[in-house]
Structures are given as C-alpha cells and as structure tokens.
Amino acid sequence: MVKSLSQELLADGLIARNDAVVVGVSGGPDSMALLHLFLGLNASLDWALSVHVAHLNHQLRASESEKDAAFVQAASDSLSLPCTIETCDVPEQTKAESLGVEEVSRRARYEFFERVCLQVGARVVAVAHHADDNAETILHRVLRGTGVRGLVGIPRVRSISPNSEVRLIRPLLRRSRQSIRDYLADSGIAFREDRTNEANEPMRNRIRNLVLPQVEAEVNPQVRDALNRLGEQAGWVEEYLRETVHRTFESLIISRTDQELTLNADALSRKSRIVQTEIVRMAFRSFGLGEQDLGFAHMVSALDLIAEAGSGKQVQLPGGMTIEKRYHQLVFSLPSDEPREMVAAEIAVHLPGRTLLPIRRLQIDCAIGDCRAEDVPRLRREADRMVEYVDFDAVQPPLVVRKRRSGDRFCPLGAPGSKKLSDFLIDAKVDPKERDRVAVLCDHFGPIWVIGHRIDDRVKMTALTRRILHLRARPLGP
C-alpha cells in the first residue's frame, strides 16, 4: 500500500517528497493507518516528509476522549514525532451557537489544524477519509436532496478555509475501509475504536450501519463503488463549472467591501441557470460563510430575483445575508451591529503574524519566506484580489492598516506613474460611501497595498527578489 500511495500522491500532486505535513490523528484505525503510511514513505521510499501530529479533543465522549488524546500522545512519543493536542468544548459551543454537533466539531477541528500549520510552518494537512466515507457522504446528500455539486462527495484536496494557503488533502480517499483494516492487521498497528460509530444516530451512522449493508445484500453488492463512480463523474462536471464560473464571477463584480458585494445583474441574467446558481454560491462563499444551510429553496428564490425586472425586492439567505435587486445591480450584503462609522485611524500589523480588523470584518496574515528568481512567475500567477506577494526587502516596517487619507498617492502596479488614491478608487468603481472604508496597508513611506485592489509598484517582486512578504486578507466569520 505504501508504494501505490506514493505513486498516487505524486501523480495527483497532493504532496511533495520533502513537504512539511500536519496529520490529523484521532487515534482511530483510519488516521493511525494514514500516519504509519506517511512514515512508511520516509522509511521505505526515501521520502523526507516532516510529519507533525495534531489531535483535537472535542470532549464528546467523557473519559474516552481523554483516553484518545493520551493514546495519540503516547503513539507520537513512541514514533519520536512532534505532537500538538488541544481541547475544545464542542458540547458547550453547540449549545451557545444552536448548531449541530457535527458542524461545530468539523469547524473546530479544521480551525485547529490550520492553526497548527501556521505554527509549525506547514502548508498541508492530511486527514484519513476513505472511499467508504465518500460513498456514505454521497448517499447522505442524495437522501437530503442535494444538487449536482453535492454528488461530488468529499474533495480529495481543497483549501482548509476560504482564501487559506493551507491545503487539506485526503490521501486515502480511494482506499476502502476493509483495505485499511487489512493494512493495520498486517502491520500490527494499534488503534482505538470509537464505539459511538456503532450507534444508529446520527443519520450518517444509520446509512453506514443499516442502509448500505441492506442495499449491498438485496440490491447491488457493489453499491459503494457505484456511488464513488457517480461522485467522480460529478467531479468532472463540477471542475468544468468551477473554471467557467470563476472567470465569469470576476467579470461581474462592480464593487466589493467587507460587507457588500455588487454584481452586474443584467449580465448575470443572461447566463444559464446552472451558471447563475454557481455564481450565487460563489458570492455567498466569498464572505467566508459555509454552505451547509444553503438549500434548494434559497437558490430558486435567488434565481427568481435575478430574473426580476423591477428593483427593491430582496431575498434572505442563511448567515443573515440579504440579496437585493437594485435596478441593474445585484447586491449581496451582510448585517452588522456596527454603525457605518469610519474605522479606526490606524491598526498596527503583526509582521509576521495575523492581525484582526473587527469592524472591517477582515483578518490580515503576513508571512515572510525565501524566494528564488524562478519562483517569481509562479507567485505572480497565484496572487489575486485578496492574496499578494511583495518584495520584503522593498518594504519599510512598521506596517499599519488604515483608511485612506487626503493626498494619499501610490503607484498602482501595471499603471504608468503615481496616482491619487482617491482617483484610483473612482476608476475602480468603488461605491462613494465605501471609499473611506477601504483598507490600506502602509509601511513607513505610505501605501503598499490597497487591499482587495492593487499593490504599489515599488514593492513588486523582481528577478532580484530574495525574500517575499506573503500578504493575505480574508473575511472573518459571521
């Protein structure tokens, strides 16, 4: 299994031989198999992975949760691996937020994994979902009334959170539960069993323990393979849509702030309904909102609004989001308990580190790294509205985020000469009432990044760049 996994990982580009990787380990059979397979890559095939174990105690199973954590720590110690273990009171968070246990657990777990990655300098988190998990997920979504996108199942790789540089990978997604158990038995690897998986609540457990076994026995013995094939083909469709819709989405944006996104409604109305649906989803996700509660009825209401000839009508989406038709514009907006006052004059930026901008509902991440001349073209391609790479040695700390000031000038990358920041925002069609809320990242000499718009030419990367400053802005959660 180690050899075939190595071939898949390299062929699919999930991970490089010398990557630093955080492995999410619960102590159960799947995650323990994944951990030992990664170590097998190092031992048998001359990989040089730097492995860090991460375990989050959700406090869902009383003393059993404590035993899981102790088991993971002991296993890490015996393998001489660094290990980070934290505790999160998921039951208390579930009560406080009126959300399901599974949703709160998943969110807490991935936030923890991302935090560990940032602490240890890794950009990859590996978790142990397998082919049976994927089949169960697809059937679960079908029974709940999923759309086409839900048929894709569990993604093999994705960003761990919106706009994050940390990738979440699932190396075992093509392996069956039984093949993983066989590997554990053959290798003599110890693990812990989660007895709650034997209960028939929640619905996911009923699908695993009752529905699929009955379908296998009475309808189709290969139902899990059939569901996985369905997911793979749906993935092909989704990939095509994603590439098409991303280009379309960017072309439709009229203006964007931390609380509002305005799209060209006329142009959107001329797209097919499947493209319109994906545009709405992309707009929703761009605010850092999860899609779990975004249902078919919401999408139909949004599509009807797009087709609406008049102005002033609204549709409510989960997370407090409102979509409003304003003549030729479609406006997505989030509620705010904050008045629309001007933001704080100046906020010091951690360099490196993470800086929160609560009123703007943004966070800024700064990371410093080495750079070779051959890296520059790739980094330029990776940059977008909310992610930038600049020449660190051209930056003059300290860094602050502030609103624009009268007389501010900068040299927009790709434009000739300097320009008043106010004129730049006018040319960028930023709504007048939002121009004073645009976040500007400045060093000692002035603006280096009009966040969400453009960097200053003086800090751009060149062939002589040897150190980069990676800048990332993303929405805070609701």
# chains A, B, ... in the order shown; residues from 1 in each chain; ligands from 1
$ select_by_dssp --residues "segment 392-440 of chain A" --states "strand (DSSP E or B)" --output "JSON, numbers by chain"
{"A": [400, 401, 402, 409, 410, 412, 419, 420, 440]}
$ write_last_selection --atoms "C-alpha atoms" --output "mmCIF file, in the first residue's frame"
data_model
loop_
_atom_site.group_PDB
_atom_site.id
_atom_site.type_symbol
_atom_site.label_atom_id
_atom_site.label_comp_id
_atom_site.auth_asym_id
_atom_site.auth_seq_id
_atom_site.Cartn_x
_atom_site.Cartn_y
_atom_site.Cartn_z
ATOM 1 C CA VAL A 400 -0.201 49.554 9.662
ATOM 2 C CA VAL A 401 -3.677 49.252 8.190
ATOM 3 C CA ARG A 402 -5.608 52.487 7.956
ATOM 4 C CA ARG A 409 -0.734 58.705 -3.602
ATOM 5 C CA PHE A 410 0.693 55.407 -4.804
ATOM 6 C CA PRO A 412 -0.578 51.103 -8.927
ATOM 7 C CA LYS A 419 -1.894 58.339 -8.844
ATOM 8 C CA LYS A 420 -4.067 59.835 -6.152
ATOM 9 C CA VAL A 440 -4.938 50.438 3.020
#
$ residues_around --residues "Met386 of chain A" --least-positions-apart "6" --cutoff "10 Å" --atoms "only C-alpha atoms" --output "CSV table (one decimal) with C-alpha atoms, in the first residue's frame"
chain,number,residue,atom,x,y,z
A,163,ASN,CA,-8.5,32.1,0.9
A,364,ILE,CA,-4.6,40.1,7.6
A,450,VAL,CA,-4.9,48.9,-1.4
A,451,ILE,CA,-6.4,45.7,0.0
A,452,GLY,CA,-8.6,43.9,-2.5
A,453,HIS,CA,-7.4,46.1,-5.3
A,454,ARG,CA,-3.7,46.7,-6.1
A,471,LEU,CA,0.0,39.0,2.3
A,472,ARG,CA,-3.4,37.5,2.6
A,473,ALA,CA,-6.7,39.2,3.6
A,474,ARG,CA,-9.9,37.2,4.2
A,475,PRO,CA,-13.3,37.7,5.8
$ residues_around --residues "Leu464 of chain A" --least-positions-apart "3" --cutoff "10 Å" --atoms "only C-alpha atoms" --output "ChimeraX atom specification"
/A:371-373,376,391,461,467
$ closest_residue --among "A:Leu268, A:Val280, A:Arg175, A:Leu118" --to "Asp365 of chain A" --atoms "only C-alpha atoms"
A:Leu118
$ residues_around --residues "segment 34-45 of chain A" --least-positions-apart "5" --cutoff "8 Å" --atoms "only C-alpha atoms" --output "VMD selection string"
chain A and resid 1 to 3 6 23 25 51 127 to 128 171 to 172
$ write_last_selection --atoms "N, CA and C atoms" --output "compact mmCIF listing (two decimals), in the first residue's frame"
# COMPACT_ATOMS: atom_id res chain seq x y z
N MET A 1 0.83 -1.21 0.00
CA MET A 1 0.00 0.00 0.00
C MET A 1 0.86 1.26 0.00
N VAL A 2 2.03 1.21 0.64
CA VAL A 2 2.91 2.37 0.70
C VAL A 2 3.35 2.78 -0.70
N LYS A 3 3.75 1.80 -1.52
CA LYS A 3 4.23 2.09 -2.87
C LYS A 3 3.13 2.69 -3.74
N SER A 6 2.39 6.22 -2.71
CA SER A 6 3.43 7.13 -3.19
C SER A 6 3.16 7.54 -4.63
N VAL A 23 -0.62 15.85 10.24
CA VAL A 23 -1.54 14.72 10.09
C VAL A 23 -2.56 14.77 11.22
N VAL A 25 -4.82 13.15 13.60
CA VAL A 25 -4.87 11.80 14.14
C VAL A 25 -5.87 11.75 15.30
N VAL A 51 6.75 15.25 9.51
CA VAL A 51 5.40 14.91 9.98
C VAL A 51 5.16 15.48 11.37
N VAL A 127 -5.88 14.27 6.30
CA VAL A 127 -6.87 13.57 7.12
C VAL A 127 -7.23 12.26 6.43
N ALA A 128 -7.93 11.38 7.17
CA ALA A 128 -7.98 9.97 6.76
C ALA A 128 -9.31 9.50 6.20
N PRO A 171 -5.46 11.55 1.39
CA PRO A 171 -4.72 10.56 0.59
C PRO A 171 -5.40 9.21 0.49
N LEU A 172 -6.28 8.85 1.43
CA LEU A 172 -6.88 7.52 1.45
C LEU A 172 -8.25 7.46 0.79
$ closest_residue --among "A:Pro377, A:Gly100, A:Gly235, A:Gly147" --to "Leu294 of chain A" --atoms "only C-alpha atoms"
A:Gly147
$ atom_distance --atom1 "atom CA of Tyr240 of chain A" --atom2 "atom CA of Ile169 of chain A"
20.7 Å
